[in-house]
Every structure is written in C-alpha cells, then in structure tokens.
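The file coords_16.pdb contains PDB, C-alpha atoms:
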ATOM      1  CA  MET A   1       0.000   0.000   0.000
ATOM      2  CA  LEU A   2       2.800   2.426   0.859
ATOM      3  CA  HIS A   3       4.006   2.280  -2.751
ATOM      4  CA  ASN A   4       0.556   2.504  -4.356
ATOM      5  CA  PRO A   5       0.498   5.602  -6.654
ATOM      6  CA  ALA A   6      -3.019   6.578  -5.510
ATOM      7  CA  TYR A   7      -1.884   6.483  -1.867
ATOM      8  CA  LEU A   8       1.265   8.476  -2.664
ATOM      9  CA  LEU A   9      -0.705  11.114  -4.567
ATOM     10  CA  SER A  10      -3.192  11.375  -1.689
ATOM     11  CA  LEU A  11      -0.333  11.755   0.783
ATOM     12  CA  PHE A  12       1.170  14.484  -1.396
ATOM     13  CA  LEU A  13      -2.111  16.410  -1.372
ATOM     14  CA  VAL A  14      -2.687  15.959   2.382
ATOM     15  CA  ALA A  15       0.845  17.135   3.188
ATOM     16  CA  SER A  16       0.351  20.156   0.926
ATOM     17  CA  VAL A  17      -2.955  21.049   2.604
ATOM     18  CA  LEU A  18      -1.327  20.766   6.056
ATOM     19  CA  MET A  19       1.396  23.193   5.045
ATOM     20  CA  ILE A  20      -1.067  25.673   3.518
ATOM     21  CA  TRP A  21      -3.243  25.504   6.647
ATOM     22  CA  ARG A  22      -0.325  26.441   8.910
ATOM     23  CA  LEU A  23       0.787  29.131   6.479
ATOM     24  CA  GLU A  24      -2.633  30.707   6.857
ATOM     25  CA  GLU A  25      -2.133  30.742  10.626
ATOM     26  CA  LEU A  26       1.189  32.521  10.148
ATOM     27  CA  SER A  27      -0.602  35.035   7.941
ATOM     28  CA  ASN A  28      -3.300  35.562  10.569
ATOM     29  CA  GLY A  29      -0.498  36.162  13.064
ATOM     30  CA  GLY A  30       0.337  39.388  11.265
ATOM     31  CA  MET A  31       2.869  38.435   8.590
ATOM     32  CA  GLU A  32       2.463  40.872   5.712
ATOM     33  CA  GLY A  33       1.056  39.362   2.510
ATOM     34  CA  THR A  34       3.815  40.158   0.029
ATOM     35  CA  VAL A  35       6.556  39.074   2.455
ATOM     36  CA  LEU A  36       4.602  35.884   3.172
ATOM     37  CA  GLY A  37       4.332  35.197  -0.555
ATOM     38  CA  ASN A  38       7.973  35.932  -1.322
ATOM     39  CA  LEU A  39       9.843  34.640   1.719
ATOM     40  CA  VAL A  40       7.841  31.799   3.288
ATOM     41  CA  MET A  41       5.463  30.276   0.739
ATOM     42  CA  PRO A  42       8.016  29.639  -2.035
ATOM     43  CA  TYR A  43      10.112  27.344   0.164
ATOM     44  CA  LEU A  44       7.049  25.333   1.125
ATOM     45  CA  SER A  45       5.071  25.287  -2.127
ATOM     46  CA  GLY A  46       8.406  24.783  -3.929
ATOM     47  CA  LEU A  47       9.629  22.144  -1.495
ATOM     48  CA  GLY A  48       8.469  19.424  -3.874
ATOM     49  CA  ASN A  49      10.740  20.790  -6.606
ATOM     50  CA  LEU A  50      13.694  20.860  -4.215
ATOM     51  CA  ILE A  51      12.984  17.275  -3.128
ATOM     52  CA  PHE A  52      12.730  16.276  -6.794
ATOM     53  CA  VAL A  53      16.310  17.506  -7.325
ATOM     54  CA  VAL A  54      17.506  15.302  -4.449
ATOM     55  CA  VAL A  55      15.621  12.261  -5.795
ATOM     56  CA  ILE A  56      16.985  12.753  -9.328
ATOM     57  CA  LEU A  57      20.541  13.021  -7.984
ATOM     58  CA  ARG A  58      20.037   9.940  -5.786
ATOM     59  CA  ASN A  59      18.757   7.927  -8.748
ATOM     60  CA  GLY A  60      21.507   9.144 -11.074
ATOM     61  CA  GLN A  61      18.970  10.463 -13.589
ATOM     62  CA  PRO A  62      19.825  13.268 -16.060
ATOM     63  CA  GLY A  63      19.640  16.924 -15.081
ATOM     64  CA  GLU A  64      17.458  17.636 -18.116
ATOM     65  CA  GLU A  65      14.551  16.272 -16.064
ATOM     66  CA  VAL A  66      15.210  18.899 -13.378
ATOM     67  CA  MET A  67      15.192  21.725 -15.909
ATOM     68  CA  THR A  68      12.032  20.406 -17.599
ATOM     69  CA  ASN A  69      10.360  20.094 -14.212
ATOM     70  CA  CYS A  70      11.232  23.706 -13.403
ATOM     71  CA  LEU A  71      10.151  25.082 -16.789
ATOM     72  CA  VAL A  72       6.772  23.295 -16.644
ATOM     73  CA  ASN A  73       6.250  24.399 -13.053
ATOM     74  CA  ASN A  74       7.037  28.045 -13.826
ATOM     75  CA  ALA A  75       4.878  28.091 -16.953
ATOM     76  CA  THR A  76       1.970  26.612 -14.970
ATOM     77  CA  ASN A  77       2.387  29.158 -12.170
ATOM     78  CA  LEU A  78       2.476  32.229 -14.394
ATOM     79  CA  THR A  79      -0.310  31.231 -16.809
ATOM     80  CA  LEU A  80      -2.907  28.786 -15.462
ATOM     81  CA  LEU A  81      -2.536  29.483 -11.741
ATOM     82  CA  VAL A  82      -2.743  33.239 -12.158
ATOM     83  CA  GLY A  83      -5.180  33.207 -15.051
ATOM     84  CA  LEU A  84      -7.753  30.924 -13.396
ATOM     85  CA  PRO A  85      -8.287  33.071 -10.252
ATOM     86  CA  ALA A  86      -8.438  36.130 -12.514
ATOM     87  CA  VAL A  87     -11.228  34.574 -14.611
ATOM     88  CA  ILE A  88     -13.225  33.460 -11.553
ATOM     89  CA  TRP A  89     -12.774  36.381  -9.140
ATOM     90  CA  GLY A  90     -10.561  38.931 -10.849
ATOM     91  CA  LEU A  91      -7.145  39.937  -9.492
ATOM     92  CA  SER A  92      -7.022  43.560  -8.413
ATOM     93  CA  LEU A  93      -4.418  45.468  -6.417
ATOM     94  CA  THR A  94      -6.600  48.528  -5.922
ATOM     95  CA  PRO A  95      -6.935  49.461  -2.221
ATOM     96  CA  ARG A  96     -10.006  48.119  -0.423
ATOM     97  CA  GLY A  97     -10.512  51.307   1.577
ATOM     98  CA  LYS A  98     -10.339  55.002   0.877
ATOM     99  CA  ALA A  99      -8.009  55.732   3.778
ATOM    100  CA  LYS A 100      -4.602  57.141   2.916
ATOM    101  CA  LYS A 101      -2.834  54.299   4.757
ATOM    102  CA  ALA A 102      -4.738  51.659   2.742
ATOM    103  CA  LYS A 103      -3.777  53.357  -0.518
ATOM    104  CA  GLN A 104      -0.122  53.555   0.528
ATOM    105  CA  GLN A 105      -0.096  49.869   1.515
ATOM    106  CA  ALA A 106      -1.664  48.815  -1.786
ATOM    107  CA  GLU A 107       0.901  50.849  -3.724
ATOM    108  CA  LEU A 108       3.783  49.295  -1.771
ATOM    109  CA  HIS A 109       2.421  45.814  -2.529
ATOM    110  CA  ARG A 110       2.155  46.673  -6.216
ATOM    111  CA  LEU A 111       5.731  47.944  -6.391
ATOM    112  CA  ALA A 112       6.994  44.838  -4.558
ATOM    113  CA  LEU A 113       5.168  42.585  -7.017
ATOM    114  CA  LEU A 114       6.552  44.453 -10.008
ATOM    115  CA  LEU A 115      10.059  43.933  -8.631
ATOM    116  CA  THR A 116       9.347  40.244  -7.982
ATOM    117  CA  LEU A 117       8.096  39.709 -11.533
ATOM    118  CA  LEU A 118      11.036  41.620 -12.995
ATOM    119  CA  ALA A 119      13.356  39.288 -11.074
ATOM    120  CA  ILE A 120      12.037  36.456 -13.270
ATOM    121  CA  PHE A 121      13.665  38.247 -16.237
ATOM    122  CA  PHE A 122      16.892  38.628 -14.319
ATOM    123  CA  PHE A 123      17.167  35.024 -13.119
ATOM    124  CA  GLY A 124      15.992  33.575 -16.425
ATOM    125  CA  GLY A 125      18.393  35.764 -18.384
ATOM    126  CA  ILE A 126      21.364  34.863 -16.182
ATOM    127  CA  THR A 127      20.531  31.145 -16.446
ATOM    128  CA  TRP A 128      20.275  31.416 -20.233
ATOM    129  CA  ALA A 129      23.586  33.299 -20.437
ATOM    130  CA  LEU A 130      25.428  30.808 -18.204
ATOM    131  CA  GLY A 131      24.009  27.897 -20.191
ATOM    132  CA  LYS A 132      24.818  29.155 -23.698
ATOM    133  CA  ASP A 133      27.240  26.261 -24.062
ATOM    134  CA  GLY A 134      24.377  23.847 -23.332
ATOM    135  CA  VAL A 135      25.618  22.885 -19.853
ATOM    136  CA  LEU A 136      25.447  24.381 -16.352
ATOM    137  CA  ASP A 137      28.531  23.334 -14.370
ATOM    138  CA  PHE A 138      29.652  23.762 -10.731
ATOM    139  CA  GLY A 139      30.630  27.418 -11.108
ATOM    140  CA  ASP A 140      27.374  28.237 -12.865
ATOM    141  CA  GLY A 141      25.358  26.503 -10.161
ATOM    142  CA  LEU A 142      27.216  28.323  -7.407
ATOM    143  CA  ALA A 143      26.534  31.670  -9.084
ATOM    144  CA  LEU A 144      22.822  30.887  -9.433
ATOM    145  CA  ILE A 145      22.473  29.842  -5.795
ATOM    146  CA  GLY A 146      24.349  32.964  -4.681
ATOM    147  CA  LEU A 147      22.013  35.179  -6.697
ATOM    148  CA  PHE A 148      18.979  33.479  -5.203
ATOM    149  CA  PHE A 149      20.087  33.974  -1.612
ATOM    150  CA  LEU A 150      21.104  37.570  -2.316
ATOM    151  CA  TRP A 151      17.520  38.100  -3.480
ATOM    152  CA  GLN A 152      16.196  36.426  -0.323
ATOM    153  CA  LEU A 153      18.305  38.708   1.870
ATOM    154  CA  PHE A 154      16.329  41.621   0.480
ATOM    155  CA  HIS A 155      13.094  40.007   1.705
ATOM    156  CA  VAL A 156      14.647  39.183   5.082
ATOM    157  CA  TYR A 157      15.529  42.868   5.429
ATOM    158  CA  GLU A 158      11.926  43.825   4.592
ATOM    159  CA  LEU A 159      10.611  41.367   7.160
ATOM    160  CA  LEU A 160      12.949  42.662   9.886
ATOM    161  CA  LYS A 161      12.041  46.250   9.018
ATOM    162  CA  GLU A 162       8.334  45.440   9.304
ATOM    163  CA  ASN A 163       8.974  43.690  12.621
ATOM    164  CA  VAL A 164      10.681  46.799  14.005
ATOM    165  CA  ARG A 165       7.814  49.021  12.849
ATOM    166  CA  SER A 166       5.222  46.803  14.524
ATOM    167  CA  SER A 167       7.368  46.266  17.663
ATOM    168  CA  GLY A 168       6.947  42.532  17.110
ATOM    169  CA  ARG A 169       8.183  40.014  19.622
ATOM    170  CA  PHE A 170       9.173  36.401  19.253
ATOM    171  CA  ASN A 171       6.187  34.064  19.627
ATOM    172  CA  PRO A 172       7.274  30.683  21.069
ATOM    173  CA  TRP A 173       4.276  28.992  19.415
ATOM    174  CA  ILE A 174       6.000  29.494  16.086
ATOM    175  CA  ILE A 175       8.119  26.437  16.980
ATOM    176  CA  VAL A 176       4.939  24.336  16.920
ATOM    177  CA  GLU A 177       3.965  25.839  13.588
ATOM    178  CA  PHE A 178       7.296  24.961  12.019
ATOM    179  CA  THR A 179       7.124  21.451  13.511
ATOM    180  CA  LEU A 180       3.812  20.893  11.713
ATOM    181  CA  LEU A 181       5.315  22.343   8.550
ATOM    182  CA  ALA A 182       8.220  19.901   8.913
ATOM    183  CA  LEU A 183       5.748  16.992   9.149
ATOM    184  CA  GLY A 184       4.169  18.195   5.939
ATOM    185  CA  GLY A 185       7.615  18.387   4.371
ATOM    186  CA  TYR A 186       8.356  14.793   5.336
ATOM    187  CA  GLY A 187       5.077  13.710   3.768
ATOM    188  CA  LEU A 188       6.110  15.458   0.560
ATOM    189  CA  LEU A 189       9.527  13.774   0.631
ATOM    190  CA  PHE A 190       8.045  10.300   1.038
ATOM    191  CA  SER A 191       5.320  10.773  -1.573
ATOM    192  CA  ILE A 192       7.518  12.426  -4.215
ATOM    193  CA  THR A 193      10.213   9.773  -3.846
ATOM    194  CA  GLY A 194       7.639   7.027  -4.305
ATOM    195  CA  LEU A 195       5.954   8.701  -7.280
ATOM    196  CA  VAL A 196       9.263   9.346  -9.072
ATOM    197  CA  ASP A 197      10.276   5.721  -8.544
ATOM    198  CA  TYR A 198       6.877   4.549  -9.809
ATOM    199  CA  ILE A 199       7.035   6.659 -12.993
ATOM    200  CA  SER A 200      10.686   5.727 -13.606
ATOM    201  CA  ASP A 201       9.781   2.030 -13.692
ATOM    202  CA  ILE A 202       7.352   2.529 -16.627
ATOM    203  CA  ASP A 203       9.068   2.233 -20.008
ATOM    204  CA  SER A 204       6.561   3.754 -22.442
ATOM    205  CA  GLY A 205       3.345   5.743 -22.639
ATOM    206  CA  PHE A 206       2.455   9.233 -21.450
ATOM    207  CA  ILE A 207       2.919   8.256 -17.800
ATOM    208  CA  SER A 208       6.450   6.924 -18.111
ATOM    209  CA  ARG A 209      10.060   7.883 -17.545
ATOM    210  CA  GLU A 210      10.047   9.604 -20.955
ATOM    211  CA  ASN A 211       7.836  12.372 -19.516
ATOM    212  CA  LEU A 212       9.207  12.397 -15.970
ATOM    213  CA  GLY A 213      10.081  16.109 -15.982
ATOM    214  CA  LEU A 214       6.727  17.129 -17.488
ATOM    215  CA  LEU A 215       4.634  14.967 -15.143
ATOM    216  CA  THR A 216       6.465  16.001 -11.984
ATOM    217  CA  GLY A 217       6.353  19.652 -13.045
ATOM    218  CA  LEU A 218       2.563  19.370 -13.178
ATOM    219  CA  LEU A 219       2.502  17.512  -9.865
ATOM    220  CA  MET A 220       4.609  20.120  -8.076
ATOM    221  CA  ALA A 221       2.195  22.824  -9.254
ATOM    222  CA  LEU A 222      -0.683  21.331  -7.229
ATOM    223  CA  PRO A 223       0.260  23.077  -3.936
ATOM    224  CA  ASN A 224       0.488  26.357  -5.858
ATOM    225  CA  ALA A 225      -2.948  25.676  -7.343
ATOM    226  CA  MET A 226      -4.370  25.353  -3.831
ATOM    227  CA  LEU A 227      -2.710  28.607  -2.799
ATOM    228  CA  ALA A 228      -3.920  30.420  -5.919
ATOM    229  CA  LEU A 229      -7.540  29.322  -5.500
ATOM    230  CA  PHE A 230      -7.598  29.877  -1.733
ATOM    231  CA  TYR A 231      -6.160  33.384  -1.781
ATOM    232  CA  GLY A 232      -7.955  34.228  -5.028
ATOM    233  CA  ALA A 233     -11.291  33.472  -3.327
ATOM    234  CA  ARG A 234     -10.231  35.774  -0.475
ATOM    235  CA  ARG A 235      -9.456  38.526  -3.024
ATOM    236  CA  GLU A 236      -5.823  38.696  -1.860
ATOM    237  CA  ALA A 237      -4.280  39.260  -5.274
ATOM    238  CA  ASP A 238      -0.897  40.261  -3.844
ATOM    239  CA  VAL A 239      -0.451  36.834  -2.236
ATOM    240  CA  VAL A 240      -1.664  35.011  -5.367
ATOM    241  CA  TYR A 241       0.883  36.843  -7.485
ATOM    242  CA  SER A 242       3.828  36.797  -5.080
ATOM    243  CA  ALA A 243       3.398  33.097  -4.226
ATOM    244  CA  GLN A 244       3.492  32.075  -7.889
ATOM    245  CA  ALA A 245       6.388  34.376  -8.780
ATOM    246  CA  GLY A 246       8.312  33.424  -5.636
ATOM    247  CA  ASP A 247       7.932  29.735  -6.428
ATOM    248  CA  ALA A 248       9.291  30.464  -9.911
ATOM    249  CA  HIS A 249      12.423  31.870  -8.250
ATOM    250  CA  VAL A 250      12.867  28.666  -6.229
ATOM    251  CA  CYS A 251      12.831  26.629  -9.443
ATOM    252  CA  ILE A 252      15.071  28.955 -11.445
ATOM    253  CA  PRO A 253      17.699  29.584 -10.187
ATOM    254  CA  LEU A 254      17.742  27.588  -6.910
ATOM    255  CA  CYS A 255      16.742  24.081  -8.056
ATOM    256  CA  VAL A 256      18.842  24.097 -11.215
ATOM    257  CA  GLY A 257      21.736  25.617  -9.289
ATOM    258  CA  LEU A 258      21.611  22.868  -6.652
ATOM    259  CA  TYR A 259      21.768  20.145  -9.281
ATOM    260  CA  ALA A 260      24.554  21.896 -11.187
ATOM    261  CA  ILE A 261      26.894  22.119  -8.189
ATOM    262  CA  VAL A 262      26.686  18.332  -7.805
ATOM    263  CA  LYS A 263      26.631  17.244 -11.455
ATOM    264  CA  PRO A 264      26.772  19.117 -14.770
ATOM    265  CA  LEU A 265      23.242  19.890 -15.956
ATOM    266  CA  GLU A 266      22.686  19.540 -19.690
ATOM    267  CA  LEU A 267      19.921  21.838 -20.911
ATOM    268  CA  PRO A 268      17.007  20.311 -22.864
ATOM    269  CA  ALA A 269      16.501  21.279 -26.483
ATOM    270  CA  ASN A 270      13.384  23.319 -25.677
ATOM    271  CA  PHE A 271      15.047  25.410 -22.967
ATOM    272  CA  THR A 272      15.412  28.640 -24.971
ATOM    273  CA  PRO A 273      11.844  28.826 -26.355
ATOM    274  CA  ALA A 274      10.409  27.826 -22.974
ATOM    275  CA  ILE A 275      12.369  30.442 -21.037
ATOM    276  CA  LEU A 276      11.405  33.079 -23.628
ATOM    277  CA  MET A 277       7.727  32.198 -23.210
ATOM    278  CA  ILE A 278       8.003  32.465 -19.421
ATOM    279  CA  ALA A 279       9.772  35.834 -19.752
ATOM    280  CA  GLY A 280       7.065  37.049 -22.140
ATOM    281  CA  VAL A 281       4.291  36.077 -19.725
ATOM    282  CA  ALA A 282       6.142  37.819 -16.887
ATOM    283  CA  ALA A 283       6.344  40.957 -19.069
ATOM    284  CA  PHE A 284       2.597  40.707 -19.666
ATOM    285  CA  HIS A 285       1.979  40.631 -15.907
ATOM    286  CA  VAL A 286       4.301  43.590 -15.309
ATOM    287  CA  LEU A 287       2.425  45.668 -17.888
ATOM    288  CA  SER A 288      -0.960  44.678 -16.474
ATOM    289  CA  LEU A 289       0.001  45.659 -12.926
ATOM    290  CA  ALA A 290       1.869  48.801 -13.971
ATOM    291  CA  LEU A 291      -0.855  50.157 -16.261
ATOM    292  CA  PHE A 292      -4.111  48.778 -14.833
ATOM    293  CA  ARG A 293      -3.256  47.589 -11.286
ATOM    294  CA  ARG A 294      -5.100  44.366 -12.080
ATOM    295  CA  LEU A 295      -5.297  41.309 -14.304
ATOM    296  CA  HIS A 296      -8.578  41.475 -16.195
ATOM    297  CA  ARG A 297     -10.756  38.393 -16.625
ATOM    298  CA  ALA A 298     -10.240  38.418 -20.392
ATOM    299  CA  SER A 299      -6.467  38.473 -19.889
ATOM    300  CA  GLY A 300      -6.767  35.531 -17.512
ATOM    301  CA  GLY A 301      -8.605  33.620 -20.234
ATOM    302  CA  VAL A 302      -5.805  34.355 -22.704
ATOM    303  CA  LEU A 303      -3.253  32.999 -20.226
ATOM    304  CA  ILE A 304      -5.255  29.778 -19.777
ATOM    305  CA  VAL A 305      -5.377  29.255 -23.556
ATOM    306  CA  LEU A 306      -1.638  29.939 -23.766
ATOM    307  CA  TYR A 307      -1.047  27.297 -21.110
ATOM    308  CA  GLY A 308      -3.004  24.769 -23.170
ATOM    309  CA  VAL A 309      -0.780  25.554 -26.161
ATOM    310  CA  PHE A 310       2.319  25.150 -23.976
ATOM    311  CA  LEU A 311       1.180  21.716 -22.743
ATOM    312  CA  TYR A 312       0.387  20.560 -26.293
ATOM    313  CA  TRP A 313       3.831  21.717 -27.432
ATOM    314  CA  SER A 314       5.587  20.098 -24.465
ATOM    315  CA  ALA A 315       3.836  16.712 -24.563
TER     316      ALA A 315
END

Mind converting the file's structure to structure tokens?
Amino acid sequence: MLHNPAYLLSLFLVASVLMIWRLEELSNGGMEGTVLGNLVMPYLSGLGNLIFVVVILRNGQPGEEVMTNCLVNNATNLTLLVGLPAVIWGLSLTPRGKAKKAKQQAELHRLALLLTLLAIFFFGGITWALGKDGVLDFGDGLALIGLFFLWQLFHVYELLKENVRSSGRFNPWIIVEFTLLALGGYGLLFSITGLVDYISDIDSGFISRENLGLLTGLLMALPNAMLALFYGARREADVVYSAQAGDAHVCIPLCVGLYAIVKPLELPANFTPAILMIAGVAAFHVLSLALFRRLHRASGGVLIVLYGVFLYWSA
C-alpha cells in the first residue's frame, strides 16, 4: 500500500494542505502578505521541486529532467494558476478602503510585485547566459544559488524592518507551527520519492520515464494551485501573485543551481523557447500591474489558452 500511486498522490495532497493551513495561521499572526508570498510560501510550495532535485541526484537520472520540471512548473504558475483566479474572481491590487494608509499599503504591494516579476527576467536571463554552451557546471550553479540567496536577503531585510515598525516580539508557538510544517515536508519527501520511482519504472506511454520532468512539473504545481484558489477566493491578489512568482524563483535559479553544483546539468533542447515564453508572460503581468493595477478576466482567459498551447507543445 505504501508504494501505491493513488496512496502516494493522496499523501502528497494531504501534506500540501497541512502546510497551507499552517501558512494561513502565520498570515493571521500578522505576517504581511507580500513578504509571506515571497519569503515563506516559495520554500514550502516549492519544497516538492527541491525534493525532486535530491531524488533525481540519488537515482543518477539526467539533469534535463530537473530543468524540464522547473520550466513546466514556472509556466503553470504564471499562466494557469494566475489566469484561473483572474477569470473566476478577478485579481485587483486597488486598495479596499479610501483611507490614505490603505492606498499607501496597496501601492507598496504593487511595487513589490513588479520587482518580484522583474526578477524572473533577471534570473531567467542569467541562467540562459550561463548555459549558452548547453551545460550548467559547478561554477554556474554556485553563481545561481548565490544570486537566489542575495535576493532572499532583500526580503529578510523587509521582514525585519516590518517587525521593528510593529514592535513585534518572538512568539514561542512558532516552533509548533514549524514542527507541523516539517511533518508536511516529510510527507512530501516520502510521496515524491515514491511517485518518481513509480514513474521511472514505466518504459513507455504518457505516464512513463520519458515524460518524468513534465509529469512532476505538473505535480509540483498542485500546492500552488491550492494557494492560488484559496487566496484568489479571499481577493488577496498580492499573495496570489507573489506566491506564484516566488515559487518560480525557487525553481530557477535555486533548483537548477543545486543540481549543477553536484553534477553538470545539460539543458534540454526546448530550454530557450520555454524560457522566452516564461519571460514574455512575466512581461505581460508587469504591464498589467503597472498600467491597470489588475489582471482582467479576459487576460486571464488568454493565459489559460496559452497554457493549453504550452502543454500541447511540451507533450
């Protein structure tokens, strides 16, 4: 039973729900939405991608699967998982109140999201430049990981600054919260390892080792789908956006960098067109937020159609 794919998939979903539930408690405890989406959620919603890197290295499988996993995950995040909440509820960053403080807070969130989306260009462009020879080696991986943690230091600074402003104090119950999050992480580790092993043992067909990167990329997007729908229903567009963009940063550059420092990562043939599509979608989001402060329902529908085209092209 422990190796049954239905059981493993169920465990994956339960562990993801547990982590999202405790994240909501952290949010209710006063953690600001954009910081939550950029600093905390990506590590947890993107934990599956990080575990996938470890499993691929353990099994001695090619790094192309890691890159494909990351590209599919990022494309899903920035098209389907932003477009769907926009179609259903609309994604607006306009302030909910008329008070000056509410308007200032909404503007700060918008500027933070624009910077987060622009970082996708930066990380994608650096990865493309380092991999022009078709391979990411140890030095390339080290540079990518360094860039990622430099970016995270910026968010740590923002969190500490917000803590000083609010005169926040350490809450000992946070240890319990992180213990529950660790249990969810272990559930993800066990389920992802089992699912990768299951798919790797199948020789042919859509669900087989031939499509390992594509299938796991879709699987790893499920926690992000839960986050997108949950916070979309609550009309918290800043968290929807920052969670998806932040998870994209975990994939590229962190996941590919981690693999590259252990073994050279050969880039798949579709890397350049895929990274260009992701950059183009990120540009579309930047323009929407900069000009209209929202993603219109019609634009969300376009993104969903684009995602369908991407899947057809990738399969």

If you count only C-alpha atoms, which residues fall within 7 Å of stretch 108-118 of chain A, apart from same-chain ones fewer than 3 positions away, as a PyMOL selection string? chain A and resi 34+93+104-105+121-122+238+242+245+282+286

Just C-alpha atoms for this one: save the residues we selected as a compact mmCIF listing (two decimals), keeping the file's coordinate frame.
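File produced: again.txt:
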# COMPACT_ATOMS: atom_id res chain seq x y z
CA THR A 34 3.82 40.16 0.03
CA LEU A 93 -4.42 45.47 -6.42
CA GLN A 104 -0.12 53.56 0.53
CA GLN A 105 -0.10 49.87 1.52
CA PHE A 121 13.66 38.25 -16.24
CA PHE A 122 16.89 38.63 -14.32
CA ASP A 238 -0.90 40.26 -3.84
CA SER A 242 3.83 36.80 -5.08
CA ALA A 245 6.39 34.38 -8.78
CA ALA A 282 6.14 37.82 -16.89
CA VAL A 286 4.30 43.59 -15.31

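Shortest separation to A:Phe310 among A:Ala143, A:His249, A:Ala298, A:Thr79 occurs at residue A:Thr79, atoms counted being all atoms listed in the file.
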
What does the distance between atom CA of A:Pro5 and atom CA of A:Ser191 come to in Å, to one decimal place? 8.7 Å

Report, as lines of an AutoDock Vina configuration file, the axis-aligned box around all atoms of stretch 123-137 of chain A present in the file, extended by 6 Å on each side; give centre and edge lengths in Å to one decimal place.
center_x = 22.3
center_y = 29.3
center_z = -18.6
size_x = 24.5
size_y = 24.9
size_z = 22.9

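Reported to one decimal place, the separation of atom CA of A:Ala106 from atom CA of A:Phe178 is 29.0 Å.
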
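When all atoms listed in the file are used to compute distances to A:Ser200, the closest of the residues A:Val55, A:Leu219, A:Leu47, A:Leu144 turns out to be A:Val55.
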
All residues 8 Å or closer to stretch 259-266 of chain A, all atoms listed in the file, same chain fewer than 2 positions away omitted, as a ChimeraX atom specification: /A:53,57,62-64,66,134-142,255-257,268

Pairwise distance, atom CA of A:Gly90 with atom CA of A:Arg294, equals 7.8 Å
